[in-house]
>>> print(open('target_18.cif').read())   # mmCIF, C-alpha atoms and all ligand atoms
data_input
loop_
_atom_site.group_PDB
_atom_site.id
_atom_site.type_symbol
_atom_site.label_atom_id
_atom_site.label_comp_id
_atom_site.auth_asym_id
_atom_site.auth_seq_id
_atom_site.Cartn_x
_atom_site.Cartn_y
_atom_site.Cartn_z
ATOM 1 C CA MET A 1 16.151 47.034 -42.357
ATOM 2 C CA GLY A 2 14.041 44.363 -40.759
ATOM 3 C CA SER A 3 13.169 43.597 -37.204
ATOM 4 C CA SER A 4 13.555 40.527 -35.067
ATOM 5 C CA PHE A 5 10.262 41.235 -33.379
ATOM 6 C CA ASN A 6 7.567 38.947 -34.693
ATOM 7 C CA ALA A 7 3.979 39.998 -34.102
ATOM 8 C CA SER A 8 2.411 37.138 -36.009
ATOM 9 C CA THR A 9 0.392 35.911 -33.052
ATOM 10 C CA THR A 10 -2.551 38.084 -33.999
ATOM 11 C CA ASN A 11 -5.370 37.092 -36.335
ATOM 12 C CA GLN A 12 -4.712 33.350 -36.187
ATOM 13 C CA THR A 13 -8.401 32.752 -35.549
ATOM 14 C CA THR A 14 -9.403 34.978 -38.411
ATOM 15 C CA ASN A 15 -7.180 33.067 -40.798
ATOM 16 C CA LYS A 16 -8.679 29.738 -39.828
ATOM 17 C CA MET A 17 -12.162 31.092 -40.343
ATOM 18 C CA SER A 18 -11.413 32.148 -43.885
ATOM 19 C CA THR A 19 -13.951 31.400 -46.570
ATOM 20 C CA ASN A 20 -11.237 30.498 -49.051
ATOM 21 C CA THR A 21 -12.698 27.115 -49.843
ATOM 22 C CA ASN A 22 -16.061 28.529 -50.845
ATOM 23 C CA PRO A 23 -15.699 31.818 -52.718
ATOM 24 C CA PRO A 24 -18.878 33.479 -54.077
ATOM 25 C CA VAL A 25 -17.732 33.096 -57.694
ATOM 26 C CA GLN A 26 -17.538 29.397 -58.614
ATOM 27 C CA LYS A 27 -16.614 28.195 -62.101
ATOM 28 C CA SER A 28 -15.403 24.940 -63.590
ATOM 29 C CA ASP A 29 -11.948 24.781 -65.180
ATOM 30 C CA ASP A 30 -13.598 24.814 -68.613
ATOM 31 C CA GLU A 31 -15.548 27.940 -67.726
ATOM 32 C CA TRP A 32 -12.383 29.638 -66.486
ATOM 33 C CA ARG A 33 -10.503 28.638 -69.642
ATOM 34 C CA ALA A 34 -13.214 30.320 -71.698
ATOM 35 C CA ILE A 35 -12.636 33.728 -70.088
ATOM 36 C CA LEU A 36 -8.933 33.607 -69.186
ATOM 37 C CA SER A 37 -5.856 33.489 -71.404
ATOM 38 C CA PRO A 38 -3.701 30.348 -71.041
ATOM 39 C CA GLU A 39 -1.182 32.337 -68.949
ATOM 40 C CA GLN A 40 -3.924 33.805 -66.766
ATOM 41 C CA PHE A 41 -5.388 30.334 -66.254
ATOM 42 C CA ARG A 42 -1.980 28.876 -65.396
ATOM 43 C CA ILE A 43 -1.383 31.456 -62.669
ATOM 44 C CA LEU A 44 -4.875 32.173 -61.321
ATOM 45 C CA ARG A 45 -6.257 28.655 -61.345
ATOM 46 C CA GLY A 46 -3.024 26.644 -61.344
ATOM 47 C CA ARG A 47 -1.239 28.699 -58.684
ATOM 48 C CA GLY A 48 1.555 29.540 -61.106
ATOM 49 C CA THR A 49 4.087 32.361 -61.003
ATOM 50 C CA GLU A 50 5.050 34.743 -63.784
ATOM 51 C CA PRO A 51 8.790 35.161 -64.454
ATOM 52 C CA PRO A 52 10.360 37.942 -62.325
ATOM 53 C CA ASN A 53 10.699 41.399 -63.891
ATOM 54 C CA SER A 54 8.332 40.381 -66.684
ATOM 55 C CA GLY A 55 5.022 41.720 -65.464
ATOM 56 C CA THR A 56 3.003 44.581 -66.917
ATOM 57 C CA TYR A 57 2.549 46.247 -63.529
ATOM 58 C CA HIS A 58 5.990 45.731 -62.028
ATOM 59 C CA HIS A 59 7.009 49.377 -62.458
ATOM 60 C CA HIS A 60 3.516 50.743 -62.904
ATOM 61 C CA SER A 61 2.690 53.764 -60.743
ATOM 62 C CA SER A 62 -0.454 55.466 -62.073
ATOM 63 C CA PRO A 63 -3.195 56.256 -59.554
ATOM 64 C CA GLY A 64 -6.058 53.783 -59.559
ATOM 65 C CA VAL A 65 -7.156 50.338 -58.434
ATOM 66 C CA TYR A 66 -5.894 46.886 -59.343
ATOM 67 C CA THR A 67 -8.743 44.430 -59.788
ATOM 68 C CA CYS A 68 -8.858 40.642 -60.100
ATOM 69 C CA VAL A 69 -8.421 39.524 -63.712
ATOM 70 C CA GLY A 70 -10.760 36.615 -63.028
ATOM 71 C CA CYS A 71 -13.751 38.328 -61.414
ATOM 72 C CA SER A 72 -13.030 42.116 -61.437
ATOM 73 C CA ALA A 73 -13.123 42.434 -57.642
ATOM 74 C CA PRO A 74 -11.025 45.416 -56.424
ATOM 75 C CA LEU A 75 -7.901 43.976 -54.773
ATOM 76 C CA TYR A 76 -5.215 46.648 -54.316
ATOM 77 C CA LYS A 77 -5.124 50.430 -54.396
ATOM 78 C CA SER A 78 -2.237 52.136 -56.147
ATOM 79 C CA THR A 79 -1.589 54.080 -52.932
ATOM 80 C CA SER A 80 -0.438 50.866 -51.217
ATOM 81 C CA LYS A 81 1.895 49.855 -54.061
ATOM 82 C CA PHE A 82 5.645 50.165 -53.602
ATOM 83 C CA ASP A 83 8.836 49.106 -55.326
ATOM 84 C CA SER A 84 10.272 46.181 -53.401
ATOM 85 C CA GLY A 85 12.938 45.362 -55.968
ATOM 86 C CA CYS A 86 11.822 41.715 -55.917
ATOM 87 C CA GLY A 87 10.685 41.565 -59.549
ATOM 88 C CA TRP A 88 6.931 41.548 -58.997
ATOM 89 C CA PRO A 89 4.374 44.208 -58.082
ATOM 90 C CA ALA A 90 4.374 44.694 -54.301
ATOM 91 C CA PHE A 91 1.708 46.126 -52.015
ATOM 92 C CA PHE A 92 1.648 46.901 -48.303
ATOM 93 C CA GLU A 93 -1.979 45.819 -47.972
ATOM 94 C CA GLY A 94 -5.026 44.783 -49.963
ATOM 95 C CA VAL A 95 -8.515 46.224 -50.113
ATOM 96 C CA SER A 96 -10.273 45.287 -46.871
ATOM 97 C CA GLY A 97 -11.693 41.760 -47.054
ATOM 98 C CA ALA A 98 -10.549 41.198 -50.652
ATOM 99 C CA ILE A 99 -7.436 39.134 -49.964
ATOM 100 C CA GLY A 100 -7.635 35.606 -48.560
ATOM 101 C CA ARG A 101 -4.696 33.650 -47.151
ATOM 102 C CA ARG A 102 -3.776 30.011 -47.302
ATOM 103 C CA GLU A 103 -0.681 28.211 -46.049
ATOM 104 C CA ASP A 104 1.476 26.961 -48.924
ATOM 105 C CA GLY A 105 4.124 24.320 -48.278
ATOM 106 C CA SER A 106 5.109 23.819 -51.917
ATOM 107 C CA LEU A 107 8.696 24.018 -53.174
ATOM 108 C CA GLY A 108 9.906 22.947 -49.727
ATOM 109 C CA MET A 109 9.110 26.389 -48.298
ATOM 110 C CA HIS A 110 6.602 27.643 -45.773
ATOM 111 C CA ARG A 111 4.874 30.500 -47.487
ATOM 112 C CA THR A 112 1.493 32.159 -47.236
ATOM 113 C CA GLU A 113 -0.428 32.147 -50.477
ATOM 114 C CA ILE A 114 -2.774 35.056 -51.178
ATOM 115 C CA ILE A 115 -5.969 34.591 -53.153
ATOM 116 C CA CYS A 116 -8.949 36.629 -54.299
ATOM 117 C CA THR A 117 -11.696 35.960 -51.749
ATOM 118 C CA ASN A 118 -14.355 36.519 -54.385
ATOM 119 C CA CYS A 119 -13.274 33.846 -56.886
ATOM 120 C CA GLY A 120 -10.440 31.947 -55.175
ATOM 121 C CA GLY A 121 -7.951 32.998 -57.853
ATOM 122 C CA HIS A 122 -4.245 32.768 -56.971
ATOM 123 C CA LEU A 123 -2.556 36.166 -56.669
ATOM 124 C CA GLY A 124 0.870 35.473 -55.199
ATOM 125 C CA HIS A 125 2.336 35.291 -51.699
ATOM 126 C CA VAL A 126 2.557 37.561 -48.668
ATOM 127 C CA PHE A 127 5.716 38.045 -46.620
ATOM 128 C CA LYS A 128 5.859 39.617 -43.185
ATOM 129 C CA GLY A 129 8.416 41.479 -41.122
ATOM 130 C CA GLU A 130 10.811 42.527 -43.898
ATOM 131 C CA GLY A 131 10.905 46.174 -42.843
ATOM 132 C CA PHE A 132 9.593 47.711 -46.063
ATOM 133 C CA GLY A 133 7.004 49.653 -44.078
ATOM 134 C CA GLY A 134 3.236 49.757 -44.057
ATOM 135 C CA ALA A 135 0.992 49.335 -41.026
ATOM 136 C CA ALA A 136 1.344 45.538 -40.912
ATOM 137 C CA ASP A 137 4.942 45.362 -42.182
ATOM 138 C CA GLU A 138 3.835 43.072 -44.982
ATOM 139 C CA ARG A 139 4.765 42.690 -48.636
ATOM 140 C CA HIS A 140 2.069 41.332 -50.909
ATOM 141 C CA CYS A 141 4.031 39.917 -53.830
ATOM 142 C CA VAL A 142 1.495 39.704 -56.654
ATOM 143 C CA ASN A 143 1.639 38.435 -60.238
ATOM 144 C CA SER A 144 0.830 41.177 -62.770
ATOM 145 C CA VAL A 145 -1.051 38.514 -64.706
ATOM 146 C CA SER A 146 -3.561 38.205 -61.842
ATOM 147 C CA LEU A 147 -4.376 41.926 -61.989
ATOM 148 C CA THR A 148 -6.156 44.398 -64.207
ATOM 149 C CA PHE A 149 -5.459 48.072 -63.597
ATOM 150 C CA LYS A 150 -8.322 50.548 -63.565
ATOM 151 C CA ARG A 151 -7.294 54.193 -63.532
ATOM 152 C CA GLY A 152 -9.153 56.222 -60.981
HETATM 153 ZN ZN ZN A 201 -11.224 37.185 -58.241
#
>>> encode(input="target_18.cif", output="structure tokens")
Amino acid sequence: MGSSFNASTTNQTTNKMSTNTNPPVQKSDDEWRAILSPEQFRILRGRGTEPPNSGTYHHHSSPGVYTCVGCSAPLYKSTSKFDSGCGWPAFFEGVSGAIGRREDGSLGMHRTEIICTNCGGHLGHVFKGEGFGGAADERHCVNSVSLTFKRG
């Protein structure tokens, strides 16, 4: 498992050009509170994390699409979902253009936060080079709370 080869030199420019700070869907905290549950608000707007092994979609494997619970944008296809054993839903890749990235230095760690590019909602974190597979060798570790599953 794993590889010492690190191919993270690609796409640096793309990341810097991200539109994360100005997503198309803009709402005030009060407006978000009106449409989200307290737990959804805590995670999506407060960059929170659901407890491991607690999420609705952790072991979910029906065919369909996972959309953003905040704005309904399609984020992940069930075909890219896999069981990472980490306690949260994991995906090899998101729907093209749907997932934004932002460096996150909280908790004394260097992590890459992933967000919905349409509304800026927090989804989770992405980890690279762990050897799980997928074209980019990435694991998108996503809170179930941030997702709504649509069978399809
Ligand atoms: Zn969204």
>>> closest_residue(input="target_18.cif", among="A:Asp29, A:Lys77, A:Ile115, A:Gly87", to="ligand ZN 201 (chain A)", atoms="all atoms listed in the file")
A:Ile115
>>> atom_distance(input="target_18.cif", atom1="CA of Gly70 (chain A)", atom2="CA of Asp30 (chain A)")
13.4 Å
>>> residues_near_point(input="target_18.cif", point="(2.3, 52.1, -46.5)", cutoff="7 Å", atoms="all atoms listed in the file", output="PDB file with C-alpha atoms, in the frame of the given file")
ATOM      1  CA  SER A  80      -0.438  50.866 -51.217  1.00  0.00           C
ATOM      2  CA  PHE A  92       1.648  46.901 -48.303  1.00  0.00           C
ATOM      3  CA  GLY A 133       7.004  49.653 -44.078  1.00  0.00           C
ATOM      4  CA  GLY A 134       3.236  49.757 -44.057  1.00  0.00           C
ATOM      5  CA  ALA A 135       0.992  49.335 -41.026  1.00  0.00           C
TER       6      ALA A 135
END
>>> axis_aligned_box(input="target_18.cif", around="region 28-37 of chain A", padding_each_side="3 Å", output="AutoDock Vina command-line options")
--center_x -10.7 --center_y 29.3 --center_z -67.6 --size_x 15.7 --size_y 14.9 --size_z 14.1
>>> closest_atom_pairs(input="target_18.cif", of="chain A", to="ligand ZN 201 (chain A)", cutoff="12 Å", atoms="all atoms listed in the file", output="tab-separated table")
residue	atom	partner	partner_atom	distance
A:Asn20	CA	A:ZN201	ZN	11.4
A:Pro23	CA	A:ZN201	ZN	8.9
A:Pro24	CA	A:ZN201	ZN	9.5
A:Val25	CA	A:ZN201	ZN	7.7
A:Gln26	CA	A:ZN201	ZN	10.0
A:Lys27	CA	A:ZN201	ZN	11.2
A:Trp32	CA	A:ZN201	ZN	11.2
A:Leu36	CA	A:ZN201	ZN	11.7
A:Gln40	CA	A:ZN201	ZN	11.7
A:Leu44	CA	A:ZN201	ZN	8.7
A:Arg45	CA	A:ZN201	ZN	10.3
A:Tyr66	CA	A:ZN201	ZN	11.1
A:Thr67	CA	A:ZN201	ZN	7.8
A:Cys68	CA	A:ZN201	ZN	4.6
A:Val69	CA	A:ZN201	ZN	6.6
A:Gly70	CA	A:ZN201	ZN	4.8
A:Cys71	CA	A:ZN201	ZN	4.2
A:Ser72	CA	A:ZN201	ZN	6.1
A:Ala73	CA	A:ZN201	ZN	5.6
A:Pro74	CA	A:ZN201	ZN	8.4
A:Leu75	CA	A:ZN201	ZN	8.3
A:Tyr76	CA	A:ZN201	ZN	11.9
A:Ala98	CA	A:ZN201	ZN	8.6
A:Ile99	CA	A:ZN201	ZN	9.3
A:Gly100	CA	A:ZN201	ZN	10.4
A:Ile114	CA	A:ZN201	ZN	11.2
A:Ile115	CA	A:ZN201	ZN	7.8
A:Cys116	CA	A:ZN201	ZN	4.6
A:Thr117	CA	A:ZN201	ZN	6.6
A:Asn118	CA	A:ZN201	ZN	5.0
A:Cys119	CA	A:ZN201	ZN	4.1
A:Gly120	CA	A:ZN201	ZN	6.1
A:Gly121	CA	A:ZN201	ZN	5.3
A:His122	CA	A:ZN201	ZN	8.4
A:Leu123	CA	A:ZN201	ZN	8.9
A:Ser146	CA	A:ZN201	ZN	8.5
A:Leu147	CA	A:ZN201	ZN	9.1
A:Thr148	CA	A:ZN201	ZN	10.6
>>> closest_residue(input="target_18.cif", among="A:Pro89, A:Pro63, A:Gly97, A:Pro38", to="Pro51 (chain A)", atoms="only C-alpha atoms")
A:Pro89
>>> build_atoms(input="target_18.cif", residues="region 120-137 of chain A", atoms="N, CA and C atoms", output="compact mmCIF listing (two decimals), keeping the file's coordinate frame")
# COMPACT_ATOMS: atom_id res chain seq x y z
N GLY A 120 -11.43 32.96 -55.54
CA GLY A 120 -10.44 31.95 -55.18
C GLY A 120 -9.21 31.95 -56.06
N GLY A 121 -9.09 32.94 -56.94
CA GLY A 121 -7.95 33.00 -57.85
C GLY A 121 -6.64 33.26 -57.12
N HIS A 122 -5.57 32.59 -57.57
CA HIS A 122 -4.24 32.77 -56.97
C HIS A 122 -3.66 34.11 -57.38
N LEU A 123 -3.15 34.86 -56.40
CA LEU A 123 -2.56 36.17 -56.67
C LEU A 123 -1.05 36.15 -56.52
N GLY A 124 -0.56 35.48 -55.48
CA GLY A 124 0.87 35.47 -55.20
C GLY A 124 1.09 35.01 -53.77
N HIS A 125 2.04 35.65 -53.09
CA HIS A 125 2.34 35.29 -51.70
C HIS A 125 2.51 36.56 -50.88
N VAL A 126 2.35 36.42 -49.56
CA VAL A 126 2.56 37.56 -48.67
C VAL A 126 3.69 37.23 -47.70
N PHE A 127 4.56 38.21 -47.50
CA PHE A 127 5.72 38.04 -46.62
C PHE A 127 5.67 39.11 -45.54
N LYS A 128 6.03 38.73 -44.33
CA LYS A 128 5.86 39.62 -43.18
C LYS A 128 7.19 39.93 -42.52
N GLY A 129 7.28 41.13 -41.96
CA GLY A 129 8.42 41.48 -41.12
C GLY A 129 9.70 41.76 -41.88
N GLU A 130 9.60 42.25 -43.12
CA GLU A 130 10.81 42.53 -43.90
C GLU A 130 11.30 43.96 -43.75
N GLY A 131 10.48 44.81 -43.10
CA GLY A 131 10.90 46.17 -42.84
C GLY A 131 10.70 47.15 -43.99
N PHE A 132 9.87 46.78 -44.97
CA PHE A 132 9.59 47.71 -46.06
C PHE A 132 8.69 48.86 -45.61
N GLY A 133 7.93 48.63 -44.55
CA GLY A 133 7.00 49.65 -44.08
C GLY A 133 5.57 49.18 -44.17
N GLY A 134 4.64 50.13 -44.07
CA GLY A 134 3.24 49.76 -44.06
C GLY A 134 2.80 49.39 -42.65
N ALA A 135 1.51 49.53 -42.39
CA ALA A 135 0.99 49.34 -41.03
C ALA A 135 1.26 47.93 -40.50
N ALA A 136 1.19 46.93 -41.36
CA ALA A 136 1.34 45.54 -40.91
C ALA A 136 2.73 44.98 -41.20
N ASP A 137 3.60 45.81 -41.77
CA ASP A 137 4.94 45.36 -42.18
C ASP A 137 4.84 44.11 -43.05
